[in-house]
$ cat structure.csv   # CSV, C-alpha atoms
chain,number,residue,atom,x,y,z
A,1,MET,CA,-29.7,62.9,-81.4
A,2,SER,CA,-29.7,59.5,-83.2
A,3,ARG,CA,-26.4,58.4,-81.7
A,4,ASP,CA,-27.6,59.2,-78.1
A,5,ARG,CA,-30.8,57.2,-78.6
A,6,GLN,CA,-28.8,54.2,-79.9
A,7,LEU,CA,-26.4,54.4,-76.9
A,8,ASP,CA,-29.5,54.4,-74.6
A,9,GLY,CA,-30.7,51.3,-76.5
A,10,LEU,CA,-27.3,49.6,-75.9
A,11,ARG,CA,-27.8,50.2,-72.2
A,12,THR,CA,-31.2,48.4,-72.5
A,13,LEU,CA,-29.5,45.5,-74.4
A,14,ALA,CA,-26.8,45.2,-71.7
A,15,VAL,CA,-29.1,45.3,-68.7
A,16,THR,CA,-31.5,42.8,-70.4
A,17,MET,CA,-28.5,40.4,-70.7
A,18,VAL,CA,-27.8,40.8,-67.0
A,19,LEU,CA,-31.5,40.3,-66.1
A,20,TYR,CA,-31.6,37.2,-68.2
A,21,HIS,CA,-28.5,35.8,-66.6
A,22,HIS,CA,-29.8,36.3,-63.0
A,23,PHE,CA,-33.5,35.7,-63.4
A,24,PHE,CA,-33.8,33.1,-66.2
A,25,ALA,CA,-30.7,31.1,-67.1
A,26,VAL,CA,-30.9,27.9,-65.1
A,27,ASN,CA,-27.3,26.8,-65.7
A,28,GLY,CA,-25.8,30.2,-66.0
A,29,SER,CA,-25.2,32.2,-69.2
A,30,VAL,CA,-22.3,34.0,-70.9
A,31,LEU,CA,-24.8,36.8,-71.8
A,32,GLY,CA,-24.5,38.3,-68.3
A,33,HIS,CA,-20.8,38.6,-68.6
A,34,LEU,CA,-21.0,40.2,-72.0
A,35,GLY,CA,-23.5,42.7,-70.6
A,36,VAL,CA,-20.9,43.5,-67.9
A,37,ARG,CA,-18.2,44.2,-70.4
A,38,LEU,CA,-20.5,46.2,-72.7
A,39,PHE,CA,-21.5,48.4,-69.8
A,40,PHE,CA,-17.9,49.1,-68.9
A,41,VAL,CA,-17.0,50.0,-72.5
A,42,LEU,CA,-20.1,52.3,-72.7
A,43,SER,CA,-19.1,54.0,-69.4
A,44,GLY,CA,-15.5,54.6,-70.4
A,45,PHE,CA,-16.6,56.0,-73.8
A,46,LEU,CA,-19.3,58.4,-72.5
A,47,ILE,CA,-17.4,59.7,-69.5
A,48,THR,CA,-14.2,60.4,-71.6
A,49,ARG,CA,-16.3,62.0,-74.3
A,50,LEU,CA,-17.8,64.4,-71.7
A,51,LEU,CA,-14.4,65.3,-70.3
A,52,LEU,CA,-12.9,65.9,-73.7
A,53,ASP,CA,-15.9,68.1,-74.7
A,54,ALA,CA,-15.3,70.2,-71.5
A,55,ARG,CA,-11.6,70.5,-72.3
A,56,SER,CA,-12.4,71.8,-75.8
A,57,PHE,CA,-13.9,75.1,-74.5
A,58,ALA,CA,-11.9,78.3,-74.7
A,59,ASP,CA,-12.7,79.1,-71.0
A,60,TYR,CA,-11.8,75.6,-69.8
A,61,GLN,CA,-10.2,75.5,-66.3
A,62,PRO,CA,-9.1,72.2,-65.0
A,63,ARG,CA,-10.1,72.8,-61.4
A,64,ALA,CA,-13.6,74.1,-62.3
A,65,ALA,CA,-14.1,71.1,-64.7
A,66,LEU,CA,-13.0,68.6,-62.1
A,67,LYS,CA,-15.3,70.1,-59.4
A,68,ALA,CA,-18.3,70.1,-61.8
A,69,PHE,CA,-17.6,66.5,-62.8
A,70,TYR,CA,-17.5,65.2,-59.3
A,71,ILE,CA,-20.6,67.1,-58.2
A,72,ARG,CA,-22.5,65.9,-61.3
A,73,ARG,CA,-21.5,62.3,-60.7
A,74,ALA,CA,-22.6,62.6,-57.1
A,75,LEU,CA,-26.0,63.9,-58.1
A,76,ARG,CA,-26.5,61.1,-60.6
A,77,ILE,CA,-25.2,58.2,-58.6
A,78,PHE,CA,-25.3,58.7,-54.9
A,79,PRO,CA,-29.0,59.4,-54.1
A,80,PRO,CA,-30.5,56.1,-55.4
A,81,TYR,CA,-27.5,54.1,-54.3
A,82,PHE,CA,-27.6,55.3,-50.7
A,83,ALA,CA,-31.4,55.0,-50.7
A,84,MET,CA,-30.9,51.4,-51.6
A,85,LEU,CA,-28.3,50.9,-48.8
A,86,ALA,CA,-30.6,52.7,-46.3
A,87,PHE,CA,-33.5,50.3,-47.2
A,88,ILE,CA,-31.2,47.2,-46.8
A,89,TRP,CA,-29.9,48.5,-43.5
A,90,PHE,CA,-33.4,49.2,-42.2
A,91,VAL,CA,-34.8,45.7,-42.9
A,92,ASN,CA,-31.4,44.0,-42.7
A,93,LEU,CA,-32.2,42.3,-46.0
A,94,GLU,CA,-30.4,39.0,-46.4
A,95,GLY,CA,-28.3,39.8,-43.3
A,96,ALA,CA,-26.4,42.5,-45.2
A,97,ARG,CA,-26.3,45.1,-42.4
A,98,GLY,CA,-22.9,44.1,-41.1
A,99,SER,CA,-21.0,44.8,-44.3
A,100,LEU,CA,-22.7,48.1,-45.3
A,101,LYS,CA,-19.7,50.3,-44.3
A,102,TRP,CA,-17.7,48.7,-47.1
A,103,HIS,CA,-20.4,49.2,-49.6
A,104,ALA,CA,-21.1,52.8,-48.5
A,105,LEU,CA,-17.4,53.6,-49.1
A,106,TYR,CA,-17.5,52.0,-52.5
A,107,LEU,CA,-15.2,49.2,-51.5
A,108,SER,CA,-17.5,46.3,-52.3
A,109,ASN,CA,-15.1,44.8,-54.7
A,110,PHE,CA,-12.4,44.6,-52.0
A,111,TRP,CA,-14.9,43.2,-49.5
A,112,TYR,CA,-15.8,40.3,-51.7
A,113,ALA,CA,-12.3,39.8,-52.9
A,114,LEU,CA,-10.9,39.6,-49.4
A,115,ARG,CA,-13.6,37.2,-48.2
A,116,ASN,CA,-13.5,35.2,-51.4
A,117,GLU,CA,-17.2,34.6,-51.2
A,118,TRP,CA,-20.4,36.3,-52.4
A,119,THR,CA,-21.8,37.1,-48.9
A,120,PRO,CA,-24.1,39.0,-48.6
A,121,TRP,CA,-25.4,38.1,-52.1
A,122,VAL,CA,-28.0,40.9,-52.3
A,123,LEU,CA,-25.1,43.5,-52.6
A,124,CYS,CA,-22.9,41.5,-55.0
A,125,HIS,CA,-23.8,44.0,-57.8
A,126,ALA,CA,-22.2,46.8,-55.8
A,127,TRP,CA,-18.7,45.5,-56.8
A,128,SER,CA,-19.0,47.0,-60.2
A,129,LEU,CA,-20.3,50.3,-58.9
A,130,SER,CA,-17.2,50.4,-56.6
A,131,ILE,CA,-15.0,49.9,-59.6
A,132,GLU,CA,-16.8,52.7,-61.4
A,133,GLU,CA,-16.3,55.1,-58.5
A,134,GLN,CA,-12.6,54.2,-58.3
A,135,PHE,CA,-12.4,54.8,-62.0
A,136,TYR,CA,-14.2,58.2,-61.6
A,137,ILE,CA,-11.8,59.3,-59.0
A,138,ALA,CA,-8.7,58.7,-61.1
A,139,TRP,CA,-9.7,59.0,-64.8
A,140,PRO,CA,-10.8,62.7,-64.9
A,141,LEU,CA,-7.4,63.6,-63.6
A,142,VAL,CA,-5.9,61.9,-66.7
A,143,ILE,CA,-8.3,63.3,-69.2
A,144,LEU,CA,-8.4,66.9,-67.9
A,145,LEU,CA,-4.8,67.4,-66.8
A,146,ALA,CA,-2.6,65.2,-69.0
A,147,PRO,CA,-1.1,66.7,-72.2
A,148,ARG,CA,-3.6,66.0,-75.0
A,149,ARG,CA,-0.9,64.2,-77.1
A,150,LEU,CA,-0.3,61.7,-74.4
A,151,ILE,CA,-3.9,60.6,-73.6
A,152,ALA,CA,-4.1,57.9,-76.2
A,153,SER,CA,-0.7,56.5,-75.1
A,154,VAL,CA,-1.9,56.4,-71.5
A,155,CYS,CA,-5.0,54.5,-72.6
A,156,VAL,CA,-2.9,51.9,-74.4
A,157,ALA,CA,-0.6,51.6,-71.5
A,158,VAL,CA,-3.5,51.0,-69.1
A,159,ILE,CA,-5.0,48.4,-71.3
A,160,ALA,CA,-1.6,46.6,-71.6
A,161,PHE,CA,-1.3,46.7,-67.8
A,162,SER,CA,-4.7,45.0,-67.5
A,163,LEU,CA,-3.7,42.3,-70.0
A,164,ALA,CA,-0.5,41.7,-68.0
A,165,TYR,CA,-2.6,41.3,-64.9
A,166,ARG,CA,-4.6,38.6,-66.6
A,167,LEU,CA,-1.5,36.8,-67.8
A,168,TYR,CA,-0.1,36.9,-64.3
A,169,TRP,CA,-3.0,35.2,-62.6
A,170,PRO,CA,-2.4,31.6,-63.9
A,171,PHE,CA,0.9,31.7,-61.9
A,172,THR,CA,-1.0,32.3,-58.7
A,173,GLY,CA,-2.7,28.9,-58.6
A,174,THR,CA,-6.4,28.4,-57.9
A,175,PRO,CA,-8.7,31.2,-59.2
A,176,SER,CA,-10.2,33.5,-56.6
A,177,LEU,CA,-12.7,36.3,-56.6
A,178,ALA,CA,-9.8,38.8,-56.4
A,179,ARG,CA,-8.9,37.8,-60.0
A,180,ASP,CA,-12.2,39.2,-61.2
A,181,LEU,CA,-13.0,41.9,-58.7
A,182,LEU,CA,-9.9,44.0,-58.3
A,183,PRO,CA,-9.8,47.1,-60.6
A,184,PRO,CA,-7.2,45.8,-63.1
A,185,ALA,CA,-9.7,43.1,-64.1
A,186,SER,CA,-12.1,45.7,-65.5
A,187,VAL,CA,-10.0,48.7,-66.3
A,188,ASP,CA,-9.3,47.4,-69.8
A,189,ALA,CA,-12.9,47.6,-70.9
A,190,LEU,CA,-13.4,51.0,-69.3
A,191,VAL,CA,-10.2,52.4,-70.9
A,192,ALA,CA,-11.0,50.7,-74.2
A,193,GLY,CA,-14.2,52.8,-74.3
A,194,ALA,CA,-12.1,55.8,-73.4
A,195,LEU,CA,-9.6,55.2,-76.2
A,196,LEU,CA,-12.6,55.0,-78.6
A,197,ALA,CA,-13.7,58.5,-77.4
A,198,VAL,CA,-10.2,59.9,-77.9
A,199,TYR,CA,-9.9,58.4,-81.4
A,200,ARG,CA,-13.3,59.7,-82.3
A,201,ARG,CA,-12.1,63.3,-81.6
A,202,LYS,CA,-9.9,62.9,-84.7
A,203,THR,CA,-12.0,60.9,-87.1
A,204,GLU,CA,-15.1,58.8,-87.6
A,205,ALA,CA,-13.3,56.2,-89.7
A,206,TRP,CA,-12.1,53.0,-88.2
A,207,PRO,CA,-8.4,52.0,-88.3
A,208,ARG,CA,-7.3,49.8,-91.2
A,209,TRP,CA,-6.6,46.8,-88.9
A,210,ILE,CA,-10.1,46.8,-87.3
A,211,GLY,CA,-12.3,47.4,-90.3
A,212,PRO,CA,-14.9,47.4,-91.6
A,213,ARG,CA,-14.0,46.6,-95.2
A,214,TRP,CA,-15.9,45.7,-98.3
A,215,ILE,CA,-15.3,42.0,-98.8
A,216,GLY,CA,-17.5,40.2,-101.3
A,217,PRO,CA,-21.1,41.3,-101.0
A,218,ARG,CA,-21.0,43.0,-97.6
A,219,TRP,CA,-19.1,45.0,-95.1
A,220,ILE,CA,-17.2,43.1,-92.4
A,221,GLY,CA,-14.5,43.9,-89.9
A,222,VAL,CA,-11.1,42.6,-90.8
A,223,SER,CA,-10.2,41.8,-87.2
A,224,VAL,CA,-13.7,41.8,-85.7
A,225,VAL,CA,-14.9,38.7,-87.5
A,226,PRO,CA,-12.1,36.4,-86.2
A,227,LEU,CA,-12.3,38.0,-82.7
A,228,THR,CA,-16.0,37.5,-82.6
A,229,ILE,CA,-15.6,33.8,-83.6
A,230,ALA,CA,-12.9,33.4,-81.0
A,231,SER,CA,-15.1,35.0,-78.4
A,232,ILE,CA,-18.0,32.7,-79.1
A,233,THR,CA,-15.7,29.7,-78.9
A,234,VAL,CA,-14.0,30.5,-75.6
A,235,LEU,CA,-17.3,31.6,-74.0
A,236,TRP,CA,-18.9,28.3,-75.1
A,237,LEU,CA,-16.0,26.4,-73.7
A,238,LYS,CA,-16.8,27.8,-70.2
A,239,SER,CA,-19.8,25.5,-70.1
A,240,VAL,CA,-17.9,22.3,-70.7
A,241,SER,CA,-15.5,20.3,-68.5
A,242,MET,CA,-11.8,21.2,-69.0
A,243,THR,CA,-8.4,20.9,-67.5
A,244,PRO,CA,-7.1,23.7,-65.2
A,245,THR,CA,-4.8,25.0,-68.0
A,246,LEU,CA,-7.6,25.2,-70.5
A,247,GLU,CA,-9.8,26.9,-67.9
A,248,TRP,CA,-7.2,29.6,-67.5
A,249,VAL,CA,-6.9,30.0,-71.3
A,250,THR,CA,-10.7,30.3,-71.7
A,251,TRP,CA,-10.9,32.8,-68.9
A,252,ILE,CA,-8.3,35.1,-70.4
A,253,GLY,CA,-9.8,34.7,-73.9
A,254,GLY,CA,-13.3,35.3,-72.7
A,255,GLU,CA,-12.1,38.6,-71.2
A,256,VAL,CA,-9.9,39.8,-74.0
A,257,PHE,CA,-11.4,38.6,-77.3
A,258,PRO,CA,-14.9,40.2,-77.0
A,259,LEU,CA,-13.3,43.6,-76.2
A,260,ILE,CA,-12.8,44.9,-79.8
A,261,PRO,CA,-16.2,43.7,-81.1
A,262,LEU,CA,-17.9,45.5,-78.1
A,263,VAL,CA,-15.9,48.6,-78.8
A,264,MET,CA,-16.9,48.5,-82.4
A,265,LEU,CA,-20.5,48.1,-81.4
A,266,VAL,CA,-20.4,51.2,-79.2
A,267,GLY,CA,-18.5,53.1,-81.9
A,268,CYS,CA,-21.0,52.2,-84.6
A,269,CYS,CA,-24.0,53.2,-82.4
A,270,SER,CA,-22.3,56.5,-81.4
A,271,SER,CA,-22.2,57.4,-85.1
A,272,GLY,CA,-25.7,56.2,-85.7
A,273,MET,CA,-26.1,52.6,-86.9
A,274,GLN,CA,-28.3,52.0,-90.0
A,275,GLY,CA,-30.6,49.1,-90.6
A,276,ALA,CA,-33.1,47.1,-88.4
A,277,PHE,CA,-30.7,46.8,-85.5
A,278,GLY,CA,-30.2,50.6,-85.3
A,279,ARG,CA,-34.0,51.2,-85.5
A,280,MET,CA,-34.6,48.6,-82.8
A,281,LEU,CA,-32.1,50.4,-80.4
A,282,GLU,CA,-33.8,53.7,-81.1
A,283,SER,CA,-37.3,52.5,-80.3
A,284,PRO,CA,-39.1,54.5,-77.6
A,285,THR,CA,-39.3,51.5,-75.3
A,286,ASN,CA,-35.6,50.7,-75.5
A,287,THR,CA,-34.5,54.3,-75.1
A,288,ALA,CA,-36.8,54.8,-72.1
A,289,ILE,CA,-35.5,51.7,-70.4
A,290,GLY,CA,-31.9,52.7,-71.2
A,291,ARG,CA,-32.3,56.1,-69.5
A,292,MET,CA,-33.5,54.5,-66.3
A,293,SER,CA,-31.3,51.4,-66.5
A,294,TYR,CA,-29.1,52.5,-63.6
A,295,GLY,CA,-32.1,52.0,-61.4
A,296,VAL,CA,-32.9,48.7,-63.1
A,297,TYR,CA,-29.5,47.4,-62.3
A,298,LEU,CA,-29.4,48.9,-58.9
A,299,PHE,CA,-32.7,47.6,-57.6
A,300,HIS,CA,-33.1,44.2,-59.2
A,301,PRO,CA,-31.2,42.1,-56.6
A,302,VAL,CA,-33.3,43.8,-53.9
A,303,VAL,CA,-36.5,43.1,-55.9
A,304,LEU,CA,-35.4,39.5,-56.4
A,305,SER,CA,-35.0,39.0,-52.7
A,306,LEU,CA,-38.4,40.4,-51.9
A,307,VAL,CA,-40.1,38.5,-54.7
A,308,VAL,CA,-38.7,35.2,-53.5
A,309,LYS,CA,-39.8,36.0,-49.9
A,310,ALA,CA,-43.3,36.7,-51.3
A,311,GLN,CA,-43.5,33.3,-53.1
A,312,SER,CA,-46.5,32.2,-51.1
A,313,TRP,CA,-48.6,35.1,-52.6
A,314,ILE,CA,-47.3,34.6,-56.2
A,315,PRO,CA,-49.0,32.0,-58.4
A,316,VAL,CA,-45.9,31.2,-60.5
A,317,ASN,CA,-42.6,29.8,-59.4
A,318,VAL,CA,-40.2,32.6,-58.6
A,319,SER,CA,-38.0,30.7,-56.1
A,320,GLU,CA,-35.9,29.3,-58.9
A,321,GLN,CA,-34.4,30.5,-62.2
A,322,GLY,CA,-36.9,30.3,-65.1
A,323,PRO,CA,-39.7,32.1,-67.0
A,324,GLY,CA,-41.8,32.8,-63.9
A,325,ARG,CA,-39.0,34.5,-62.0
A,326,PHE,CA,-38.0,36.4,-65.1
A,327,VAL,CA,-41.4,37.8,-65.9
A,328,VAL,CA,-42.4,38.7,-62.3
A,329,ALA,CA,-39.0,40.0,-61.1
A,330,THR,CA,-38.4,41.9,-64.3
A,331,ALA,CA,-41.8,43.6,-64.2
A,332,ALA,CA,-41.4,44.5,-60.5
A,333,THR,CA,-37.9,45.9,-61.2
A,334,LEU,CA,-39.0,48.0,-64.1
A,335,MET,CA,-41.9,49.4,-62.1
A,336,LEU,CA,-39.6,50.3,-59.2
A,337,ALA,CA,-36.9,51.8,-61.5
A,338,SER,CA,-39.6,53.9,-63.3
A,339,ILE,CA,-40.9,55.3,-60.0
A,340,SER,CA,-37.3,56.1,-58.9
A,341,TRP,CA,-36.5,57.7,-62.2
A,342,LEU,CA,-39.6,59.9,-62.5
A,343,ALA,CA,-40.0,60.9,-58.8
A,344,PHE,CA,-36.4,60.9,-57.6
A,345,GLU,CA,-33.6,60.6,-60.1
A,346,ARG,CA,-34.7,62.8,-62.9
A,347,PRO,CA,-35.5,65.8,-60.7
A,348,LEU,CA,-32.1,65.5,-59.1
A,349,ASN,CA,-30.4,65.3,-62.5
A,350,GLN,CA,-31.9,68.6,-63.4
A,351,LEU,CA,-29.8,70.2,-60.7
A,352,LYS,CA,-26.7,69.5,-62.9
A,353,ARG,CA,-27.4,72.7,-64.9
A,354,TYR,CA,-26.2,74.7,-61.9
A,355,PHE,CA,-22.8,73.0,-62.2
A,356,PRO,CA,-21.5,73.5,-65.8
A,357,TYR,CA,-18.1,72.3,-66.8
A,358,VAL,CA,-17.1,75.7,-68.0
A,359,SER,CA,-18.5,79.2,-67.1
A,360,SER,CA,-19.4,80.1,-70.7
A,361,ALA,CA,-20.5,78.3,-73.8
A,362,ARG,CA,-17.8,79.3,-76.2
A,363,PRO,CA,-16.0,76.2,-77.7
A,364,SER,CA,-12.5,76.6,-78.9
A,365,THR,CA,-13.4,75.2,-82.3
A,366,PRO,CA,-16.7,75.4,-84.2
A,367,SER,CA,-17.1,71.6,-84.2
A,368,SER,CA,-16.4,71.2,-80.5
A,369,ARG,CA,-19.9,71.1,-78.8
A,370,PRO,CA,-20.7,69.8,-75.4
A,371,SER,CA,-22.3,66.4,-75.3
A,372,ILE,CA,-24.7,65.2,-72.7
A,373,ALA,CA,-25.0,61.6,-73.7
A,374,GLY,CA,-23.0,60.3,-70.8
A,375,GLU,CA,-25.0,62.3,-68.3
A,376,ARG,CA,-28.3,60.5,-69.0
A,377,GLY,CA,-29.4,57.3,-67.5
A,378,TYR,CA,-27.1,54.5,-66.8
A,379,GLU,CA,-23.5,55.3,-66.5
A,380,ALA,CA,-22.4,51.8,-66.0
A,381,SER,CA,-23.6,48.5,-64.7
A,382,ALA,CA,-22.1,45.1,-64.3
A,383,TYR,CA,-22.0,42.3,-62.0
A,384,ARG,CA,-20.9,38.8,-62.2
A,385,PRO,CA,-22.6,36.5,-59.5
A,386,SER,CA,-25.4,34.2,-60.7
A,387,TYR,CA,-28.4,34.0,-58.4
A,388,ALA,CA,-29.6,30.6,-59.2
A,389,ASN,CA,-31.1,30.5,-55.7
A,390,PRO,CA,-31.1,33.6,-53.6
A,391,ASP,CA,-30.8,31.6,-50.5
A,392,GLU,CA,-27.4,30.3,-51.6
A,393,ARG,CA,-24.4,32.3,-50.4
A,394,GLY,CA,-22.1,31.3,-53.2
A,395,SER,CA,-21.8,32.7,-56.7

$ encode --input "structure.csv" --output "structure tokens"
Amino acid sequence: MSRDRQLDGLRTLAVTMVLYHHFFAVNGSVLGHLGVRLFFVLSGFLITRLLLDARSFADYQPRAALKAFYIRRALRIFPPYFAMLAFIWFVNLEGARGSLKWHALYLSNFWYALRNEWTPWVLCHAWSLSIEEQFYIAWPLVILLAPRRLIASVCVAVIAFSLAYRLYWPFTGTPSLARDLLPPASVDALVAGALLAVYRRKTEAWPRWIGPRWIGPRWIGVSVVPLTIASITVLWLKSVSMTPTLEWVTWIGGEVFPLIPLVMLVGCCSSGMQGAFGRMLESPTNTAIGRMSYGVYLFHPVVLSLVVKAQSWIPVNVSEQGPGRFVVATAATLMLASISWLAFERPLNQLKRYFPYVSSARPSTPSSRPSIAGERGYEASAYRPSYANPDERGS
């Protein structure tokens, strides 16, 4: 389907922003952070859409649907993740062996938050996967068990809670990693995507306050344009010197303002975006990378570590951020992710057919058909630390 190809293309866009941030940008980049937020919105949207599709069947049973969801998530996420951890343990890459218990239990975000430092750096990306797993544990219970009429209200309440969490942090003093790594710091993006999925069950039209509207010669979003401008402004301010108060304001704005534009982007692509951008997202290369982008995200810090260690055999500079590192590390990451997808992940994904959400294929309404978009490729990916030098232990 066109919408599914475009969502795969969005995964490619998001993971490219992350790779650019960690492989190329010398002084850091806001693109990596936007890629983080985009992945969370995508994840919340796709997972919620799957669960709502399961709930639409006449033979829907909450216990069976929950069991199928958790087994299917395990088949998709666990094998490559624990293969990565096993490799890191075997070679003790970057001295990470001592903290593997936390990562194996999907508590990476708490590990880094409690220590308030990015050590070991090679597993920094696991913090977002931990947030995803924590989200996967709780959110299916909401979507599959809560009364349908209350799901949208629950989404709004969770987003409001996340906003309150951000407004609380300026009163705590100096920023710490806990501010960014605890679940409330990311749940707004995840649940904003979920709210989009709930809304799309009712209509394809956007609310009046969000747009788009016909103004002058083109369609623009009534609220999206000012929010996009505000997002660009506060993200640009992150790169300049500022007072502590202004730093807090830009942090909150940089988290909140891009959310609606990102939700609109996911929503437009889920319906099939027209024009050159939509065609670019649907290109075979972008959709192929999007399907295996979980592996791209998962393996690229490991590849970075190995590439830097092999600098003496590589004719270009890969020890520092820049074009040499970007080309070599990206190519190696894509090759490894391709091998993992073709030989490992895709065959395991095919086992999902033995664990359907419902025992029969009879939807309760003619228009309610099961969707598999969220089952393919990259469920979510995000991480924040910048690896300007892999030998550094900070972020």

$ closest_residue --input "structure.csv" --among "A:Leu163, A:Arg49, A:Ile151, A:Leu182" --to "Trp111 (chain A)" --atoms "all atoms listed in the file"
A:Leu182

$ closest_residue --input "structure.csv" --among "A:Tyr81, A:Tyr168, A:Phe326, A:Tyr70" --to "Val249 (chain A)" --atoms "all atoms listed in the file"
A:Tyr168

$ residues_around --input "structure.csv" --residues "region 341-358 of chain A" --least-positions-apart "2" --cutoff "7 Å" --atoms "only C-alpha atoms" --output "list of chain:residue names"
A:Ala54, A:Asp59, A:Tyr60, A:Ala64, A:Ala65, A:Ala68, A:Arg72, A:Leu75, A:Arg76, A:Met292, A:Ala337, A:Ser338, A:Ile339, A:Ser360

$ residues_around --input "structure.csv" --residues "region 23-33 of chain A" --least-positions-apart "6" --cutoff "6 Å" --atoms "only C-alpha atoms" --output "number ranges by chain"
A: 17, 321-322, 325-326

$ closest_atom_pairs --input "structure.csv" --of "region 124-152 of chain A" --to "region 98-105 of chain A" --cutoff "12 Å" --atoms "only C-alpha atoms" --output "Markdown table"
| residue | atom | partner | partner_atom | distance |
| --- | --- | --- | --- | --- |
| A:Cys124 | CA | A:His103 | CA | 9.7 |
| A:His125 | CA | A:His103 | CA | 10.3 |
| A:Ala126 | CA | A:His103 | CA | 6.9 |
| A:Trp127 | CA | A:His103 | CA | 8.3 |
| A:Ser128 | CA | A:His103 | CA | 10.9 |
| A:Leu129 | CA | A:His103 | CA | 9.4 |
| A:Ser130 | CA | A:His103 | CA | 7.8 |
| A:Ile131 | CA | A:His103 | CA | 11.4 |
| A:Glu133 | CA | A:Leu105 | CA | 9.6 |
| A:Gln134 | CA | A:Leu105 | CA | 10.4 |

$ closest_residue --input "structure.csv" --among "A:Ala83, A:Ala58, A:Ala194, A:Val36" --to "Tyr297 (chain A)" --atoms "only C-alpha atoms"
A:Val36

$ atom_distance --input "structure.csv" --atom1 "CA of Val316 (chain A)" --atom2 "CA of Ala329 (chain A)"
11.2 Å

$ atom_distance --input "structure.csv" --atom1 "CA of Gly254 (chain A)" --atom2 "CA of Tyr20 (chain A)"
18.9 Å

$ build_atoms --input "structure.csv" --residues "region 246-259 of chain A" --atoms "N, CA and C atoms" --output "PDB file, in the frame of the given file"
ATOM      1  N   LEU A 246      -6.659  24.707 -69.529  1.00  0.00           N
ATOM      2  CA  LEU A 246      -7.600  25.200 -70.500  1.00  0.00           C
ATOM      3  C   LEU A 246      -8.618  26.158 -69.861  1.00  0.00           C
ATOM      4  N   GLU A 247      -8.914  25.965 -68.592  1.00  0.00           N
ATOM      5  CA  GLU A 247      -9.800  26.900 -67.900  1.00  0.00           C
ATOM      6  C   GLU A 247      -9.182  28.286 -67.832  1.00  0.00           C
ATOM      7  N   TRP A 248      -7.871  28.337 -67.542  1.00  0.00           N
ATOM      8  CA  TRP A 248      -7.200  29.600 -67.500  1.00  0.00           C
ATOM      9  C   TRP A 248      -7.206  30.272 -68.909  1.00  0.00           C
ATOM     10  N   VAL A 249      -6.948  29.484 -69.944  1.00  0.00           N
ATOM     11  CA  VAL A 249      -6.900  30.000 -71.300  1.00  0.00           C
ATOM     12  C   VAL A 249      -8.277  30.566 -71.705  1.00  0.00           C
ATOM     13  N   THR A 250      -9.354  29.834 -71.387  1.00  0.00           N
ATOM     14  CA  THR A 250     -10.700  30.300 -71.700  1.00  0.00           C
ATOM     15  C   THR A 250     -11.071  31.536 -70.934  1.00  0.00           C
ATOM     16  N   TRP A 251     -10.615  31.613 -69.686  1.00  0.00           N
ATOM     17  CA  TRP A 251     -10.900  32.800 -68.900  1.00  0.00           C
ATOM     18  C   TRP A 251     -10.246  34.045 -69.508  1.00  0.00           C
ATOM     19  N   ILE A 252      -8.968  33.923 -69.843  1.00  0.00           N
ATOM     20  CA  ILE A 252      -8.300  35.100 -70.400  1.00  0.00           C
ATOM     21  C   ILE A 252      -8.897  35.413 -71.799  1.00  0.00           C
ATOM     22  N   GLY A 253      -9.162  34.399 -72.621  1.00  0.00           N
ATOM     23  CA  GLY A 253      -9.800  34.700 -73.900  1.00  0.00           C
ATOM     24  C   GLY A 253     -11.136  35.254 -73.834  1.00  0.00           C
ATOM     25  N   GLY A 254     -11.934  34.763 -72.872  1.00  0.00           N
ATOM     26  CA  GLY A 254     -13.300  35.300 -72.700  1.00  0.00           C
ATOM     27  C   GLY A 254     -13.302  36.730 -72.247  1.00  0.00           C
ATOM     28  N   GLU A 255     -12.242  37.173 -71.581  1.00  0.00           N
ATOM     29  CA  GLU A 255     -12.100  38.600 -71.200  1.00  0.00           C
ATOM     30  C   GLU A 255     -11.612  39.463 -72.293  1.00  0.00           C
ATOM     31  N   VAL A 256     -10.657  38.944 -73.066  1.00  0.00           N
ATOM     32  CA  VAL A 256      -9.900  39.800 -74.000  1.00  0.00           C
ATOM     33  C   VAL A 256     -10.571  39.804 -75.402  1.00  0.00           C
ATOM     34  N   PHE A 257     -10.931  38.629 -75.934  1.00  0.00           N
ATOM     35  CA  PHE A 257     -11.400  38.600 -77.300  1.00  0.00           C
ATOM     36  C   PHE A 257     -12.656  39.392 -77.583  1.00  0.00           C
ATOM     37  N   PRO A 258     -13.647  39.451 -76.682  1.00  0.00           N
ATOM     38  CA  PRO A 258     -14.900  40.200 -77.000  1.00  0.00           C
ATOM     39  C   PRO A 258     -14.644  41.737 -76.978  1.00  0.00           C
ATOM     40  N   LEU A 259     -13.489  42.191 -76.504  1.00  0.00           N
ATOM     41  CA  LEU A 259     -13.300  43.600 -76.200  1.00  0.00           C
ATOM     42  C   LEU A 259     -13.445  44.463 -77.507  1.00  0.00           C
TER      43      LEU A 259
END
